[in-house]
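Visitor: model33.cif is reproduced in full below (mmCIF, C-alpha atoms).
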data_final
#
loop_
_atom_site.label_atom_id
_atom_site.label_comp_id
_atom_site.auth_asym_id
_atom_site.auth_seq_id
_atom_site.Cartn_x
_atom_site.Cartn_y
_atom_site.Cartn_z
CA PHE A 29 -34.32 -91.84 -59.99
CA LEU A 30 -32.28 -88.64 -60.25
CA VAL A 31 -33.36 -85.55 -58.30
CA ARG A 32 -31.86 -82.09 -58.13
CA HIS A 33 -32.04 -80.41 -54.75
CA GLY A 34 -34.53 -77.61 -54.21
CA GLU A 35 -33.65 -73.94 -54.53
CA SER A 36 -31.14 -72.81 -51.88
CA VAL A 37 -30.18 -69.48 -50.39
CA ALA A 38 -26.94 -69.59 -52.39
CA ASP A 39 -28.95 -70.07 -55.58
CA VAL A 40 -31.11 -67.02 -54.82
CA GLN A 41 -27.94 -65.05 -54.13
CA GLY A 42 -26.61 -66.10 -57.54
CA MET A 43 -23.54 -67.63 -55.94
CA ILE A 44 -21.57 -70.76 -56.76
CA LEU A 45 -21.17 -73.00 -53.71
CA CYS A 46 -18.94 -76.03 -54.07
CA ASN A 47 -16.24 -76.02 -51.38
CA PRO A 48 -16.65 -79.03 -49.05
CA ILE A 49 -15.96 -76.73 -46.11
CA ASP A 50 -19.52 -75.42 -46.58
CA ARG A 51 -21.19 -78.84 -46.55
CA TYR A 52 -23.08 -78.25 -43.34
CA ALA A 53 -23.64 -74.49 -43.57
CA PHE A 54 -27.28 -73.88 -42.63
CA LYS A 55 -27.06 -70.33 -43.99
CA TYR A 56 -27.13 -71.88 -47.48
CA ASP A 57 -30.08 -74.17 -46.73
CA LEU A 58 -33.24 -74.47 -48.81
CA THR A 59 -35.47 -71.45 -49.29
CA GLU A 60 -39.21 -71.80 -48.65
CA ASN A 61 -39.61 -72.27 -52.39
CA GLY A 62 -36.91 -74.94 -52.33
CA GLN A 63 -38.76 -76.79 -49.58
CA ARG A 64 -41.94 -76.77 -51.67
CA GLN A 65 -39.94 -78.08 -54.62
CA ALA A 66 -38.70 -80.96 -52.45
CA MET A 67 -42.29 -81.78 -51.46
CA ASP A 68 -43.32 -81.73 -55.12
CA ALA A 69 -40.38 -84.02 -55.92
CA ALA A 70 -41.77 -86.62 -53.50
CA ILE A 71 -45.13 -86.50 -55.29
CA ARG A 72 -43.41 -86.84 -58.65
CA LEU A 73 -41.40 -89.83 -57.45
CA GLU A 74 -44.60 -91.62 -56.51
CA GLU A 75 -46.16 -90.72 -59.85
CA LEU A 76 -43.15 -92.22 -61.63
CA GLY A 77 -43.58 -95.48 -59.74
CA LEU A 78 -41.00 -95.30 -56.96
CA GLY A 79 -41.25 -98.55 -55.02
CA TYR A 80 -40.55 -99.53 -51.44
CA PRO A 81 -38.32 -100.74 -49.96
CA GLY A 82 -35.78 -98.41 -51.50
CA PHE A 83 -33.07 -95.97 -50.51
CA LEU A 84 -32.53 -92.24 -50.72
CA TRP A 85 -28.97 -91.12 -51.43
CA SER A 86 -27.75 -87.55 -51.12
CA SER A 87 -24.64 -85.43 -50.98
CA ASN A 88 -23.64 -84.00 -47.61
CA PHE A 89 -24.34 -80.44 -48.72
CA ARG A 90 -27.18 -78.97 -46.69
CA MET A 91 -29.49 -78.11 -49.60
CA ALA A 92 -29.33 -81.68 -50.93
CA TYR A 93 -29.55 -83.37 -47.54
CA HIS A 94 -32.53 -81.23 -46.52
CA THR A 95 -34.20 -82.12 -49.82
CA MET A 96 -33.71 -85.79 -48.93
CA GLU A 97 -35.15 -85.25 -45.44
CA ILE A 98 -38.28 -83.63 -46.87
CA ILE A 99 -38.75 -86.35 -49.48
CA ARG A 100 -38.35 -89.04 -46.82
CA GLY A 101 -40.97 -87.38 -44.66
CA GLU A 102 -43.43 -86.94 -47.53
CA LEU A 103 -43.00 -90.60 -48.51
CA SER A 104 -43.25 -91.75 -44.87
CA TRP A 105 -40.04 -93.73 -45.27
CA LEU A 106 -37.72 -94.59 -42.40
CA TRP A 107 -34.73 -92.49 -41.37
CA SER A 108 -32.65 -95.61 -41.94
CA ASP A 109 -33.61 -95.46 -45.63
CA MET A 110 -31.36 -92.39 -46.06
CA ARG A 111 -27.74 -92.54 -47.16
CA VAL A 112 -25.05 -89.97 -47.98
CA ASP A 113 -22.07 -90.16 -50.31
CA THR A 114 -19.41 -87.56 -51.13
CA LEU A 115 -19.48 -88.77 -54.74
CA LEU A 116 -22.80 -86.89 -55.05
CA GLU A 117 -21.35 -83.58 -53.89
CA PRO A 118 -21.21 -80.53 -56.19
CA ARG A 119 -18.64 -80.26 -58.92
CA LEU A 120 -15.54 -78.51 -57.60
CA LEU A 121 -15.09 -75.23 -59.45
CA GLY A 122 -11.92 -74.06 -57.75
CA ALA A 123 -11.44 -70.29 -57.75
CA PHE A 124 -15.06 -69.80 -58.82
CA ASP A 125 -16.39 -70.92 -55.42
CA LYS A 126 -18.57 -68.19 -53.86
CA LYS A 127 -18.30 -66.15 -57.07
CA GLU A 128 -21.17 -65.11 -59.32
CA ASP A 129 -23.16 -67.98 -60.79
CA ASP A 130 -22.71 -66.66 -64.34
CA LEU A 131 -19.16 -68.04 -64.27
CA ARG A 132 -20.72 -71.46 -64.79
CA LEU A 133 -21.33 -70.39 -68.39
CA VAL A 134 -17.58 -70.11 -68.89
CA VAL A 135 -17.11 -73.60 -67.44
CA TRP A 136 -19.85 -75.12 -69.59
CA GLN A 137 -18.44 -73.54 -72.74
CA LYS A 138 -15.08 -75.14 -71.94
CA ASP A 139 -16.81 -78.47 -71.27
CA ALA A 140 -18.30 -78.38 -74.77
CA GLU A 141 -14.85 -77.79 -76.27
CA ASP A 142 -12.71 -80.02 -74.05
CA PRO A 143 -14.12 -82.28 -71.29
CA THR A 144 -10.69 -82.46 -69.63
CA ALA A 145 -10.47 -78.68 -69.09
CA ARG A 146 -10.60 -77.61 -65.45
CA PRO A 147 -11.58 -74.25 -63.95
CA PRO A 148 -8.76 -72.30 -62.26
CA ARG A 149 -7.75 -73.76 -58.92
CA ALA A 150 -8.63 -72.04 -55.69
CA ASP A 151 -5.04 -72.66 -54.62
CA PRO A 152 -2.16 -73.70 -56.92
CA LEU A 153 -1.11 -76.19 -54.26
CA LEU A 154 -4.52 -77.92 -54.24
CA PRO A 155 -4.78 -79.89 -57.51
CA GLY A 156 -8.09 -81.45 -56.48
CA SER A 157 -9.89 -78.15 -55.94
CA ALA A 158 -11.24 -77.95 -59.50
CA GLU A 159 -12.88 -80.67 -61.60
CA SER A 160 -13.29 -81.10 -65.33
CA ALA A 161 -16.38 -82.72 -66.80
CA GLN A 162 -14.28 -85.87 -67.19
CA ASP A 163 -13.36 -85.76 -63.48
CA VAL A 164 -17.06 -85.59 -62.61
CA TYR A 165 -17.73 -88.44 -65.03
CA ARG A 166 -15.09 -90.55 -63.29
CA ARG A 167 -16.72 -90.24 -59.86
CA VAL A 168 -20.21 -90.64 -61.30
CA ILE A 169 -19.18 -93.97 -62.81
CA GLU A 170 -17.58 -94.98 -59.51
CA LEU A 171 -20.89 -94.28 -57.75
CA ILE A 172 -23.03 -96.07 -60.34
CA THR A 173 -20.78 -99.12 -60.25
CA LYS A 174 -20.91 -99.24 -56.45
CA LEU A 175 -24.68 -98.91 -56.31
CA GLU A 176 -25.33 -101.44 -59.06
CA THR A 177 -23.18 -103.94 -57.17
CA GLY A 178 -24.75 -103.39 -53.77
CA TYR A 179 -28.41 -102.67 -54.58
CA GLN A 180 -29.77 -104.96 -57.25
CA ASN A 181 -33.53 -104.87 -57.94
CA THR A 182 -33.95 -101.95 -55.54
CA ASP A 183 -35.25 -98.46 -56.32
CA LEU A 184 -32.68 -95.76 -55.57
CA VAL A 185 -33.21 -92.01 -55.45
CA LEU A 186 -30.03 -89.99 -55.99
CA ILE A 187 -30.25 -86.37 -54.85
CA SER A 188 -27.44 -84.19 -56.09
CA HIS A 189 -26.37 -80.99 -57.84
CA CYS A 190 -26.53 -79.57 -61.35
CA ASP A 191 -23.37 -80.72 -63.17
CA VAL A 192 -23.15 -84.02 -61.31
CA LEU A 193 -26.69 -84.90 -62.40
CA SER A 194 -26.33 -83.78 -66.01
CA VAL A 195 -23.08 -85.72 -66.40
CA MET A 196 -24.69 -88.74 -64.72
CA HIS A 197 -27.65 -88.61 -67.08
CA ALA A 198 -25.32 -88.39 -70.09
CA ALA A 199 -23.27 -91.31 -68.77
CA LEU A 200 -26.28 -93.53 -68.16
CA ILE A 201 -27.55 -93.16 -71.73
CA GLY A 202 -24.13 -93.24 -73.40
CA GLU A 203 -24.19 -89.61 -74.54
CA ASP A 204 -21.08 -87.55 -75.26
CA ILE A 205 -20.32 -85.77 -71.97
CA ARG A 206 -19.26 -82.63 -73.82
CA HIS A 207 -23.00 -82.07 -74.22
CA HIS A 208 -24.01 -82.84 -70.65
CA ARG A 209 -25.73 -79.47 -70.32
CA GLU A 210 -28.39 -80.66 -72.73
CA PHE A 211 -29.52 -82.79 -69.77
CA ALA A 212 -29.60 -79.93 -67.24
CA PHE A 213 -31.96 -80.29 -64.26
CA ASP A 214 -34.24 -77.64 -62.81
CA PHE A 215 -34.48 -77.25 -59.03
CA GLY A 216 -36.44 -80.15 -57.60
CA GLU A 217 -36.67 -81.91 -60.96
CA VAL A 218 -37.11 -85.68 -60.92
CA ARG A 219 -36.15 -88.08 -63.69
CA LEU A 220 -36.51 -91.82 -63.97
CA ILE A 221 -33.51 -93.32 -65.75
CA GLU A 222 -34.03 -96.95 -66.62
CA LYS A 223 -30.94 -99.12 -66.29
CA PRO A 224 -29.55 -99.78 -69.78
CA GLN A 225 -29.71 -103.36 -71.05
CA GLN A 226 -25.95 -103.29 -71.37
CA ASP A 227 -23.30 -101.00 -69.96
CA VAL A 228 -23.02 -97.94 -72.18
CA TYR A 229 -20.50 -96.10 -70.05
CA SER A 230 -16.76 -96.56 -69.87
CA PHE A 231 -13.60 -94.65 -69.12
CA PRO A 232 -12.42 -92.53 -70.84
CA PRO A 233 -15.94 -91.22 -71.53
CA ARG A 234 -17.53 -91.54 -74.94
CA LEU A 235 -16.72 -88.61 -77.24
CA GLY A 236 -18.84 -88.86 -80.35
CA GLN A 237 -20.04 -86.42 -82.95
CA PRO A 238 -21.63 -83.17 -81.71
CA SER A 239 -25.18 -83.83 -80.65
CA ALA A 240 -28.08 -82.73 -82.81
CA LEU A 241 -29.81 -81.35 -79.71
CA ARG A 242 -29.85 -77.61 -79.13
CA SER A 243 -26.89 -76.15 -77.30
CA PRO A 244 -27.96 -75.33 -73.72
CA ILE A 245 -25.33 -72.62 -73.43
CA THR A 246 -27.22 -70.43 -75.89
CA GLU A 247 -30.41 -70.91 -73.89
CA LEU A 248 -29.07 -69.66 -70.56
#
Translate this file's structure into structure tokens.

Guide:
Amino acid sequence: FLVRHGESVADVQGMILCNPIDRYAFKYDLTENGQRQAMDAAIRLEELGLGYPGFLWSSNFRMAYHTMEIIRGELSWLWSDMRVDTLLEPRLLGAFDKKEDDLRLVVWQKDAEDPTARPPRADPLLPGSAESAQDVYRRVIELITKLETGYQNTDLVLISHCDVLSVMHAALIGEDIRHHREFAFDFGEVRLIEKPQQDVYSFPPRLGQPSALRSPITEL
């Protein structure tokens, strides 16, 4: 199951938040609306057939971790059923961190043209401060491989952030990652992704013909 965190203070402010230094910043926690979205996500997970025992996985960023805490409470699961992994953290957008959220449109347009294109770095001396769609794909596949190896026949709920989830969805169904925004998640949205009968993901990522689906960039 893939879940996007609930609405956060940073989201309401229209601000990109991706620097790991802000992982535990409570000032960017969930809004009241975001907390309700997390509660609704727990209901939706049960409706989709989430089984127990299982595990909840989240990024360390406060809005995602708090979403996991609320879901755990609503499901009456144990605290020991929660896990965190930095591979679920937001996509690094370099110099765009703490800038207006509309800059994501520039990033997504570049993704559609070239999945190896990275946003400008926050610091020229920090090559890892900005990620391309392909960089996100690489860590998504690392996470999927690790979880498939360690948790067979177990329901897993992965709570993460917008681009990480859309790239993950594209990877799991073998879609061209240039079009990952066609799989964009709303706040608190839950999706059940059945494990494919055979592995459809590989590295480098699949780059096929442009998808027939509508371009999400024109819809934003």

Visitor: Which residues are near Glu128 (chain A)? Cut-off 9 Å, all atoms listed in the file, ignore same chain within fewer than 4 positions. Put them as a count of residues only.

Guide: 6

Visitor: With a cut-off of 10 Å, could you pull out the residues of region 159-236 of chain A touching region 111-114 of chain A and give me the nearest pair of atoms for each, distance in Å to one decimal, using all atoms listed in the file, ordered by chain and ascending number, as a tab-separated table?

Guide:
residue	atom	partner	partner_atom	distance
A:Arg167	CA	A:Thr114	CA	9.5
A:Leu171	CA	A:Asp113	CA	8.6
A:Val185	CA	A:Arg111	CA	9.9
A:Leu186	CA	A:Val112	CA	9.4
A:Ile187	CA	A:Val112	CA	9.3
A:Ser188	CA	A:Asp113	CA	9.9

Visitor: Using all atoms listed in the file, find the one residue out of A:Trp136, A:Trp107, A:Tyr56, A:Phe89 that sits nearest to Glu210 (chain A).

Guide: A:Trp136

Visitor: Show me, as number ranges by chain, the residues that have an atom within 7 Å of region 139-145 of chain A when counting only C-alpha atoms, minus same-chain residues fewer than 3 positions from it.

Guide: A: 135-136, 160-162, 206-207

Visitor: Residues of region 57-140 of chain A that approach region 192-204 of chain A to 10 Å or less, counting all atoms listed in the file: could you list each one with the shortest pair of atoms and its distance in Å to one decimal, rows by chain and increasing residue number, as a tab-separated table?

Guide:
residue	atom	partner	partner_atom	distance
A:Leu115	CA	A:Val192	CA	8.9
A:Leu116	CA	A:Val192	CA	6.9
A:Glu117	CA	A:Val192	CA	7.6
A:Pro118	CA	A:Val192	CA	6.5
A:Arg119	CA	A:Val192	CA	6.3
A:Ala140	CA	A:Asp204	CA	9.6

Visitor: Restricting the output to C-alpha atoms, write the selected residues as a JSON list (two decimals), in the coordinates of the input.

Guide:
[["chain", "number", "residue", "atom", "x", "y", "z"],
["A", 115, "LEU", "CA", -19.48, -88.77, -54.74],
["A", 116, "LEU", "CA", -22.80, -86.89, -55.05],
["A", 117, "GLU", "CA", -21.35, -83.58, -53.89],
["A", 118, "PRO", "CA", -21.21, -80.53, -56.19],
["A", 119, "ARG", "CA", -18.64, -80.26, -58.92],
["A", 140, "ALA", "CA", -18.30, -78.38, -74.77]]

Visitor: So the first atom is CA of Met110 (chain A) and the second is CA of Val37 (chain A); what is the distance between them in Å, to one decimal place?

Guide: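 Result for CA of Met110 (chain A) versus CA of Val37 (chain A): 23.3 Å, one decimal.
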
Visitor: Would you translate the PyMOL selection byres ((chain A and resi 105) around 12) into the concrete set of residues it matches in this file, as a list in words?

Guide: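 Evaluating the PyMOL selection byres ((chain A and resi 105) around 12) on this file yields Ala70, Leu78, Gly79, Tyr80, Pro81, Gly82, Phe83, Leu84, Met96, Glu97, Ile98, Ile99, Arg100, Gly101, Glu102, Leu103, Ser104, Leu106, Trp107, Ser108, Asp109 and Met110 of chain A.
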
Visitor: Ranking A:Leu220, A:Phe54, A:Tyr179, A:Gly122 by minimum distance to Glu159 (chain A) and counting all atoms listed in the file, which one comes first?

Guide: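 Smallest distance to Glu159 (chain A) is found for A:Gly122.
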
Visitor: As an exercise, work out the distance from CA of His33 (chain A) to CA of Ile172 (chain A) in Å and give it to one decimal place.

Guide: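 That distance, rounded to one decimal, is 18.9 Å.
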
Visitor: Take the point (-36.8, -90.4, -65.1) in the file's coordinates, draw a sphere of radius 10 Å around it, and report as a VMD selection string every protein, DNA or RNA residue with an atom inside or on it, counting only C-alpha atoms.

Guide: chain A and resid 29 to 31 72 to 73 76 197 217 to 222

Visitor: Run the PyMOL selection byres ((chain A and resi 58) around 10) on the file and write out the hits as a JSON list (two decimals) with C-alpha atoms, keeping the file's coordinate frame.

Guide:
[["chain", "number", "residue", "atom", "x", "y", "z"],
["A", 33, "HIS", "CA", -32.04, -80.41, -54.75],
["A", 34, "GLY", "CA", -34.53, -77.61, -54.21],
["A", 35, "GLU", "CA", -33.65, -73.94, -54.53],
["A", 36, "SER", "CA", -31.14, -72.81, -51.88],
["A", 37, "VAL", "CA", -30.18, -69.48, -50.39],
["A", 38, "ALA", "CA", -26.94, -69.59, -52.39],
["A", 39, "ASP", "CA", -28.95, -70.07, -55.58],
["A", 40, "VAL", "CA", -31.11, -67.02, -54.82],
["A", 54, "PHE", "CA", -27.28, -73.88, -42.63],
["A", 55, "LYS", "CA", -27.06, -70.33, -43.99],
["A", 56, "TYR", "CA", -27.13, -71.88, -47.48],
["A", 57, "ASP", "CA", -30.08, -74.17, -46.73],
["A", 59, "THR", "CA", -35.47, -71.45, -49.29],
["A", 60, "GLU", "CA", -39.21, -71.80, -48.65],
["A", 61, "ASN", "CA", -39.61, -72.27, -52.39],
["A", 62, "GLY", "CA", -36.91, -74.94, -52.33],
["A", 63, "GLN", "CA", -38.76, -76.79, -49.58],
["A", 64, "ARG", "CA", -41.94, -76.77, -51.67],
["A", 65, "GLN", "CA", -39.94, -78.08, -54.62],
["A", 66, "ALA", "CA", -38.70, -80.96, -52.45],
["A", 90, "ARG", "CA", -27.18, -78.97, -46.69],
["A", 91, "MET", "CA", -29.49, -78.11, -49.60],
["A", 92, "ALA", "CA", -29.33, -81.68, -50.93],
["A", 93, "TYR", "CA", -29.55, -83.37, -47.54],
["A", 94, "HIS", "CA", -32.53, -81.23, -46.52],
["A", 95, "THR", "CA", -34.20, -82.12, -49.82]]

Visitor: Can you work out which one of A:Ser157, A:Asp214, A:Asn181, A:Asp151 has the shortest atom-to-atom distance to Pro48 (chain A), counting all atoms listed in the file?

Guide: A:Ser157

Visitor: Between CA of Thr177 (chain A) and CA of Arg209 (chain A), what is the spacing in Å?

Guide: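 Distance between the two atoms: 27.9 Å.
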